[in-house]
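Next comes model.txt, a file with compact mmCIF, C-alpha atoms.
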```
# COMPACT_ATOMS: atom_id res chain seq x y z
CA MET A 13 7.13 23.70 -47.80
CA ALA A 14 9.42 26.33 -49.28
CA ASP A 15 7.21 26.74 -52.35
CA ARG A 16 4.03 27.32 -50.36
CA LYS A 17 2.81 30.86 -50.29
CA LYS A 18 2.21 32.22 -46.81
CA ALA A 19 -1.36 33.30 -46.24
CA ASP A 20 -0.34 36.87 -45.46
CA GLU A 21 1.41 37.08 -48.84
CA VAL A 22 -1.71 36.21 -50.85
CA GLY A 23 -2.46 39.44 -52.67
CA VAL A 24 -5.43 41.36 -54.03
CA GLY A 25 -7.29 39.42 -56.71
CA GLU A 26 -5.89 36.06 -55.61
CA GLU A 27 -8.08 33.29 -54.24
CA PHE A 28 -7.62 30.69 -51.55
CA GLU A 29 -8.48 27.14 -52.52
CA PRO A 30 -12.18 26.38 -51.84
CA TYR A 31 -13.08 24.17 -48.90
CA GLU A 32 -15.95 21.68 -48.62
CA PHE A 33 -17.59 20.31 -45.52
CA ARG A 34 -20.75 18.36 -44.73
CA VAL A 35 -22.79 19.19 -41.65
CA THR A 36 -24.13 16.15 -39.84
CA PRO A 37 -26.47 16.40 -36.82
CA GLU A 38 -23.51 15.50 -34.59
CA PHE A 39 -21.35 18.21 -36.12
CA ASN A 40 -24.13 20.77 -35.58
CA GLN A 41 -24.68 19.51 -32.02
CA GLN A 42 -21.04 20.19 -31.10
CA TYR A 43 -21.54 23.87 -31.96
CA LEU A 44 -24.84 24.05 -30.08
CA GLU A 45 -23.01 22.81 -26.98
CA ALA A 46 -20.22 25.33 -27.55
CA GLU A 47 -22.70 28.20 -27.83
CA GLU A 48 -25.34 27.10 -25.29
CA ASP A 49 -28.06 27.48 -27.90
CA HIS A 50 -30.37 24.49 -28.12
CA HIS A 51 -33.26 26.06 -30.00
CA PRO A 52 -35.39 23.40 -31.76
CA ARG A 53 -34.74 25.05 -35.13
CA TYR A 54 -31.22 23.59 -34.99
CA LEU A 55 -32.39 20.13 -33.91
CA GLN A 56 -35.65 19.32 -35.65
CA GLU A 57 -36.86 19.01 -39.20
CA THR A 58 -39.78 21.27 -40.10
CA GLU A 59 -42.03 21.78 -43.12
CA ALA A 60 -39.34 24.15 -44.43
CA GLY A 61 -36.75 21.37 -44.46
CA PRO A 62 -34.12 19.72 -42.28
CA ALA A 63 -32.84 21.37 -39.11
CA ILE A 64 -30.93 24.62 -39.60
CA VAL A 65 -27.15 24.67 -39.36
CA TYR A 66 -26.03 26.77 -36.40
CA PRO A 67 -24.82 30.09 -37.89
CA GLY A 68 -21.66 30.12 -35.77
CA LEU A 69 -20.61 26.83 -37.35
CA LEU A 70 -20.87 28.41 -40.79
CA ILE A 71 -18.93 31.46 -39.64
CA ASN A 72 -16.21 29.36 -38.07
CA HIS A 73 -15.93 27.11 -41.11
CA SER A 74 -15.72 30.02 -43.51
CA ASN A 75 -12.67 31.46 -41.80
CA VAL A 76 -9.83 31.38 -44.28
CA THR A 77 -7.78 29.10 -42.04
CA ARG A 78 -10.06 26.30 -43.33
CA SER A 79 -8.82 26.64 -46.89
CA PRO A 80 -6.62 23.72 -48.02
CA SER A 81 -4.20 26.29 -49.44
CA PHE A 82 -3.96 28.31 -46.22
CA TYR A 83 -0.42 28.11 -44.89
CA LEU A 84 1.48 29.87 -42.16
CA PRO A 85 4.83 28.81 -40.69
CA PRO A 86 5.09 27.91 -37.00
CA ALA A 87 4.65 30.80 -34.54
CA MET A 88 2.36 32.72 -36.89
CA ALA A 89 -1.40 32.98 -36.72
CA ALA A 90 -4.29 34.82 -38.32
CA VAL A 91 -6.32 37.05 -36.03
CA HIS A 92 -9.80 38.24 -36.89
CA ALA A 93 -10.09 42.04 -36.71
CA LYS A 94 -13.31 42.96 -38.50
CA GLU A 95 -16.25 41.25 -40.08
CA GLU A 96 -19.22 42.02 -42.28
CA VAL A 97 -21.68 39.20 -42.80
CA GLU A 98 -24.84 39.01 -44.87
CA TYR A 99 -27.16 36.07 -44.35
CA LEU A 100 -28.90 34.96 -47.54
CA ASN A 101 -30.48 31.61 -46.70
CA PRO A 102 -30.39 29.19 -43.76
CA GLY A 103 -28.00 26.28 -44.19
CA ARG A 104 -29.61 22.87 -43.72
CA VAL A 105 -28.21 19.94 -41.77
CA GLY A 106 -27.19 17.07 -44.05
CA LYS A 107 -25.98 19.35 -46.83
CA THR A 108 -22.44 19.78 -48.09
CA PHE A 109 -21.17 23.34 -48.22
CA ARG A 110 -18.42 24.89 -50.31
CA VAL A 111 -16.58 28.06 -49.28
CA TYR A 112 -14.81 30.44 -51.66
CA TRP A 113 -12.39 33.20 -50.65
CA LYS A 114 -10.87 36.06 -52.65
CA VAL A 115 -8.51 38.72 -51.35
CA VAL A 116 -10.02 42.12 -52.18
CA ASP A 117 -7.83 44.55 -50.25
CA THR A 118 -4.67 44.82 -48.21
CA TYR A 119 -3.59 47.79 -46.12
CA GLU A 120 -1.42 48.82 -43.25
CA LYS A 121 -2.57 50.65 -40.14
CA ARG A 122 -0.46 51.54 -37.11
CA GLY A 123 2.36 49.36 -38.40
CA ARG A 124 0.20 46.28 -38.76
CA ALA A 125 -0.73 44.65 -42.08
CA TYR A 126 -4.34 43.75 -42.78
CA GLN A 127 -5.82 41.50 -45.45
CA VAL A 128 -9.47 41.77 -46.52
CA LYS A 129 -11.20 38.77 -48.05
CA GLU A 130 -14.65 38.21 -49.47
CA ALA A 131 -16.06 34.80 -48.67
CA LEU A 132 -19.11 33.04 -50.03
CA ILE A 133 -20.74 29.84 -48.79
CA VAL A 134 -22.84 27.87 -51.27
CA ASP A 135 -24.61 24.59 -50.56
CA GLU A 136 -24.59 21.49 -52.75
CA ASP A 137 -27.72 22.70 -54.58
CA GLY A 138 -26.10 26.00 -55.47
CA VAL A 139 -28.05 27.96 -52.86
CA GLU A 140 -26.06 30.92 -51.54
CA ILE A 141 -26.03 30.77 -47.75
CA LEU A 142 -23.97 33.73 -46.63
CA ARG A 143 -21.43 36.27 -47.76
CA ARG A 144 -18.69 37.69 -45.58
CA ARG A 145 -16.10 40.42 -45.82
CA ILE A 146 -13.38 39.35 -43.42
CA THR A 147 -10.48 41.49 -42.23
CA ASP A 148 -7.62 39.55 -40.69
CA THR A 149 -4.24 40.55 -39.42
CA TYR A 150 -1.34 38.18 -38.95
CA ILE A 151 0.68 37.89 -35.78
CA ALA A 152 4.06 36.32 -35.15
CA GLY A 153 5.93 35.47 -32.00
CA GLY A 154 9.63 35.38 -31.30
CA GLY A 155 10.11 39.12 -31.62
CA MET B 22 -37.34 39.64 -24.42
CA VAL B 23 -39.48 41.79 -26.69
CA ILE B 24 -39.50 40.79 -30.34
CA ILE B 25 -38.87 43.78 -32.58
CA THR B 26 -42.08 45.18 -34.06
CA GLU B 27 -42.68 48.27 -36.20
CA ASP B 28 -43.60 50.41 -33.19
CA ILE B 29 -40.45 49.72 -31.16
CA PRO B 30 -38.81 53.16 -30.73
CA GLU B 31 -35.26 54.27 -31.39
CA GLY B 32 -33.21 53.92 -28.23
CA HIS B 33 -34.96 50.72 -27.16
CA GLU B 34 -32.31 48.50 -25.54
CA VAL B 35 -32.31 44.73 -25.22
CA SER B 36 -30.00 42.17 -23.65
CA GLY B 37 -29.50 38.59 -24.76
CA LYS B 38 -28.62 35.55 -22.74
CA LEU B 39 -25.61 35.67 -20.43
CA LYS B 40 -22.90 33.32 -21.72
CA THR B 41 -20.01 31.85 -19.81
CA VAL B 42 -17.01 31.06 -22.00
CA THR B 43 -15.60 27.84 -20.56
CA GLU B 44 -12.58 25.87 -21.68
CA GLU B 45 -14.88 23.01 -22.75
CA LYS B 46 -16.95 25.33 -24.93
CA VAL B 47 -13.84 26.83 -26.53
CA TYR B 48 -12.62 23.31 -27.29
CA ALA B 49 -16.01 22.37 -28.76
CA PHE B 50 -16.03 25.49 -30.93
CA SER B 51 -12.40 25.62 -32.04
CA GLY B 52 -10.99 22.16 -31.34
CA GLY B 53 -12.22 20.56 -34.55
CA PHE B 54 -14.77 17.89 -35.41
CA PRO B 55 -15.10 15.05 -34.67
CA ARG B 56 -13.61 14.63 -31.23
CA GLY B 57 -10.98 11.90 -31.34
CA PRO B 58 -7.29 11.22 -30.76
CA GLY B 59 -5.33 14.46 -30.65
CA TRP B 60 -8.46 16.48 -29.95
CA PRO B 61 -8.67 19.39 -29.40
CA ARG B 62 -6.55 20.51 -32.32
CA LYS B 63 -3.89 22.95 -31.16
CA ASN B 64 -4.39 26.56 -32.18
CA ILE B 65 -4.40 30.02 -30.59
CA HIS B 66 -7.85 29.33 -29.14
CA THR B 67 -7.19 25.97 -27.52
CA ASP B 68 -3.52 25.85 -26.55
CA LEU B 69 -1.67 28.32 -24.34
CA GLU B 70 1.80 27.39 -25.62
CA PHE B 71 0.64 27.73 -29.21
CA ALA B 72 -0.92 31.12 -28.45
CA LYS B 73 2.23 32.36 -26.70
CA SER B 74 4.43 31.14 -29.56
CA CYS B 75 2.43 33.46 -31.82
CA GLY B 76 2.92 36.40 -29.49
CA LEU B 77 -0.43 36.36 -27.72
CA PRO B 78 -0.47 36.77 -23.94
CA THR B 79 -3.15 34.11 -23.50
CA ARG B 80 -5.49 31.81 -25.37
CA ALA B 81 -8.11 33.89 -27.09
CA ALA B 82 -11.58 32.53 -27.66
CA SER B 83 -12.56 32.74 -31.32
CA GLY B 84 -14.36 35.94 -32.24
CA ALA B 85 -16.80 33.74 -34.14
CA MET B 86 -17.96 32.41 -30.77
CA PHE B 87 -19.24 35.74 -29.53
CA GLU B 88 -20.33 36.75 -33.01
CA GLY B 89 -22.62 33.74 -32.56
CA TYR B 90 -24.03 35.24 -29.36
CA LEU B 91 -25.00 38.38 -31.26
CA THR B 92 -26.46 36.32 -34.09
CA GLU B 93 -28.61 34.46 -31.56
CA LEU B 94 -29.82 37.81 -30.21
CA MET B 95 -30.72 39.07 -33.69
CA ILE B 96 -32.66 35.87 -34.48
CA ASP B 97 -34.47 36.21 -31.14
CA LEU B 98 -35.40 39.80 -32.06
CA PHE B 99 -36.22 39.47 -35.76
CA GLY B 100 -37.13 35.80 -36.04
CA GLU B 101 -35.68 33.05 -38.17
CA SER B 102 -36.13 35.19 -41.28
CA TRP B 103 -33.06 37.12 -40.11
CA LEU B 104 -31.10 34.25 -41.67
CA ARG B 105 -32.48 35.38 -45.06
CA HIS B 106 -31.87 39.12 -44.86
CA GLY B 107 -29.85 39.90 -41.74
CA LYS B 108 -26.58 41.79 -41.89
CA MET B 109 -23.98 42.45 -39.24
CA SER B 110 -20.75 44.45 -39.22
CA LEU B 111 -18.40 43.89 -36.28
CA LYS B 112 -15.04 44.93 -34.88
CA PHE B 113 -13.30 42.62 -32.43
CA ILE B 114 -11.65 44.88 -29.90
CA ALA B 115 -10.60 42.74 -26.92
CA ILE B 116 -9.45 39.24 -26.08
CA VAL B 117 -11.93 36.88 -24.44
CA ASP B 118 -10.50 34.25 -22.11
CA PRO B 119 -12.04 31.02 -20.86
CA GLY B 120 -13.81 31.97 -17.62
CA ASP B 121 -15.13 35.27 -18.95
CA THR B 122 -18.85 35.89 -19.03
CA LEU B 123 -20.32 37.84 -21.93
CA MET B 124 -23.63 39.60 -22.28
CA PRO B 125 -24.82 40.34 -25.83
CA ARG B 126 -26.63 43.67 -26.01
CA SER B 127 -28.31 45.80 -28.63
CA VAL B 128 -30.07 49.14 -28.95
CA VAL B 129 -32.26 50.42 -31.77
CA HIS B 130 -30.19 53.07 -33.54
CA SER B 131 -32.63 53.98 -36.31
CA LYS B 132 -35.44 52.60 -38.42
CA GLN B 133 -36.70 53.31 -41.88
CA ALA B 134 -39.82 52.29 -43.78
CA GLU B 135 -39.24 50.35 -46.99
CA ASP B 136 -41.60 48.76 -49.51
CA SER B 137 -41.08 45.39 -47.86
CA GLY B 138 -41.39 46.57 -44.24
CA VAL B 139 -39.41 48.54 -41.67
CA ARG B 140 -35.65 48.14 -41.63
CA PHE B 141 -34.04 48.54 -38.22
CA VAL B 142 -30.41 49.46 -37.68
CA MET B 143 -29.21 48.12 -34.34
CA GLU B 144 -26.06 48.89 -32.43
CA VAL B 145 -24.72 45.59 -31.12
CA TRP B 146 -21.99 44.64 -28.71
CA CYS B 147 -20.92 42.06 -26.16
CA GLU B 148 -19.57 43.16 -22.82
CA ASN B 149 -17.66 41.08 -20.32
CA GLN B 150 -18.00 40.68 -16.55
CA HIS B 151 -15.98 43.88 -16.07
CA GLY B 152 -18.36 45.90 -18.23
CA ASN B 153 -15.82 46.15 -21.04
CA LYS B 154 -16.93 45.75 -24.63
CA VAL B 155 -15.15 42.98 -26.53
CA VAL B 156 -16.93 43.28 -29.87
CA VAL B 157 -18.89 46.25 -31.24
CA GLY B 158 -20.79 46.95 -34.43
CA THR B 159 -24.12 47.28 -36.14
CA ALA B 160 -26.74 44.90 -37.43
CA THR B 161 -29.76 45.39 -39.63
CA GLY B 162 -33.02 43.49 -39.57
CA LEU B 163 -36.31 43.76 -41.40
CA VAL B 164 -39.74 43.71 -39.80
CA GLN B 165 -42.25 42.71 -42.48
```
Structure rendered as structure tokens:
Amino acid sequence: MADRKKADEVGVGEEFEPYEFRVTPEFNQQYLEAEEDHHPRYLQETEAGPAIVYPGLLINHSNVTRSPSFYLPPAMAAVHAKEEVEYLNPGRVGKTFRVYWKVVDTYEKRGRAYQVKEALIVDEDGVEILRRRITDTYIAGGG
Amino acid sequence: MVIITEDIPEGHEVSGKLKTVTEEKVYAFSGGFPRGPGWPRKNIHTDLEFAKSCGLPTRAASGAMFEGYLTELMIDLFGESWLRHGKMSLKFIAIVDPGDTLMPRSVVHSKQAEDSGVRFVMEVWCENQHGNKVVVGTATGLVQ
């Protein structure tokens, strides 16, 4: 583990390894339960295509902690501070999605370090689903 | 709830659906998929010891959970097309614990005519059962 770069040390211009996930109806359903949102658009196919992936699922699975290269030692965690999101197209159940992250800024404020990442979700057909600009800070216990 | 139309004035305020953040919902959101042995996965959202080891006073529900409440409100207001042009900018300003109830709210801040319709800028926030805001920001939506 000594050669793994800690997530908070990934600098401007560097990328986290992309992450892929497929959204099944069951996967989507778990998020609908979590969010108490059972609108038919998330459950039923329409003329426009298969059911829509719940947006909160896409947000949660485009957090940088999902990246295979994301690493923090024990007693450290990433905490979400700010977020800008732009929805481009609805994700569709049954599709596989790929998430890309690039660090675009780092700064310090009130003694705390922040890391800003741009994220993009693209589906298996190359359709861009959403873009995010995510600001995280990193916390550590044990003093 | 009134769907946003061109004639909705600045200052118009709307509330979404009251949400109760339960332990089960936090597990469903942040515990991983699928449910199985070892579920929920331990992280700052699902495990108190893990959260404390990282210096947090308590488990904190994921900000993405209540971002989802605001997204639901925007889709209710602007329709499904919000998923093709909607934008939201948020700051997470307070911890949300299991047991808290959150109300997503929004008020029309401004609106501007464009070639493709009227673009609304909305102030958005969620407030808890004590009336404290836990996330604040803005969202934009287009009425065509």
TODO: Calculate how many Å separate CA of Arg80 (chain B) from CA of His66 (chain B), rounding to one decimal.
DONE: 5.1 Å
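Note that CA of Arg143 (chain A) and CA of Glu98 (chain A) are 5.2 Å apart.
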Using the file's own x, y and z axes, so that the box edges lie along x, y and z, what centre and edge lengths in Å (one decimal) does a box around every listed atom of region 21-37 of chain A get when 6 Å is added on each side? Give it as AutoDock Vina command-line options.
```
--center_x -12.5 --center_y 28.8 --center_z -46.8 --size_x 39.9 --size_y 37.2 --size_z 31.9
```
Task: Close residues, region 80-95 of chain A itself excluded, 6 Å, only C-alpha atoms, min 6 positions apart in chain, as number ranges by chain - done: A: 18-19, 28-29, 145-153; B: 74-75, 110-113
Task: Selected residue of minimal separation from chain A among B:Leu69, B:Val139, B:Pro58, B:Gly107, counting all atoms listed in the file - done: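 Once distances to chain A are computed over all atoms listed in the file, the minimum belongs to B:Gly107.
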TODO: Dump as an MDAnalysis selection string the residues of chain B that approach chain A to within 8 Å, counting all atoms listed in the file.
DONE: chainID B and resid 40 45:50 54:55 65 71 73:77 84:86 88:90 92:93 103:114
Protein and nucleic acid residues near (-41.4, 44.8, -41.9) (cut-off 9 Å, only C-alpha atoms) as a PDB file with C-alpha atoms, in the coordinates of the input:
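Saved as result.pdb:
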```
ATOM      1  CA  THR B  26     -42.080  45.180 -34.060  1.00  0.00           C
ATOM      2  CA  GLU B  27     -42.680  48.270 -36.200  1.00  0.00           C
ATOM      3  CA  ALA B 134     -39.820  52.290 -43.780  1.00  0.00           C
ATOM      4  CA  GLU B 135     -39.240  50.350 -46.990  1.00  0.00           C
ATOM      5  CA  ASP B 136     -41.600  48.760 -49.510  1.00  0.00           C
ATOM      6  CA  SER B 137     -41.080  45.390 -47.860  1.00  0.00           C
ATOM      7  CA  GLY B 138     -41.390  46.570 -44.240  1.00  0.00           C
ATOM      8  CA  VAL B 139     -39.410  48.540 -41.670  1.00  0.00           C
ATOM      9  CA  ARG B 140     -35.650  48.140 -41.630  1.00  0.00           C
ATOM     10  CA  GLY B 162     -33.020  43.490 -39.570  1.00  0.00           C
ATOM     11  CA  LEU B 163     -36.310  43.760 -41.400  1.00  0.00           C
ATOM     12  CA  VAL B 164     -39.740  43.710 -39.800  1.00  0.00           C
ATOM     13  CA  GLN B 165     -42.250  42.710 -42.480  1.00  0.00           C
TER      14      GLN B 165
END
```
Task: Selection: 9 Å around Gly53 (chain B), only C-alpha atoms, excl. self and same-chain fewer than 6 positions, as a count of residues only - done: 3
- [ ] Can you work out the spacing between CA of Val105 (chain A) and CA of Tyr54 (chain A) in Å, to one decimal?
- [x] 8.3 Å
TODO: Name all residues at most 8 Å from Pro62 (chain A) (count all atoms listed in the file; drop same-chain ones fewer than 4 positions away) and give them as a list in words.
DONE: Gln56, Glu57, Thr58, Arg104, Val105 and Gly106 of chain A
- [ ] Could you give me, as a ChimeraX atom specification, the residues within 7 Å of Lys107 (chain A), counting only C-alpha atoms and dropping anything in the same chain fewer than 6 positions from it?
- [x] /A:34-35,135-136
- [ ] Rank nothing, just name the residue among B:Asn153, B:Ser51, B:Asn64, B:Ser102 nearest to Ser83 (chain B), using only C-alpha atoms.
- [x]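 For Ser83 (chain B), the nearest of the given residues is B:Ser51.
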Task: Exercise: Pro30 (chain B) partners within 9 Å, only C-alpha atoms, chain neighbours under 4 positions left out, as a ChimeraX atom specification - done: /B:129,131-132
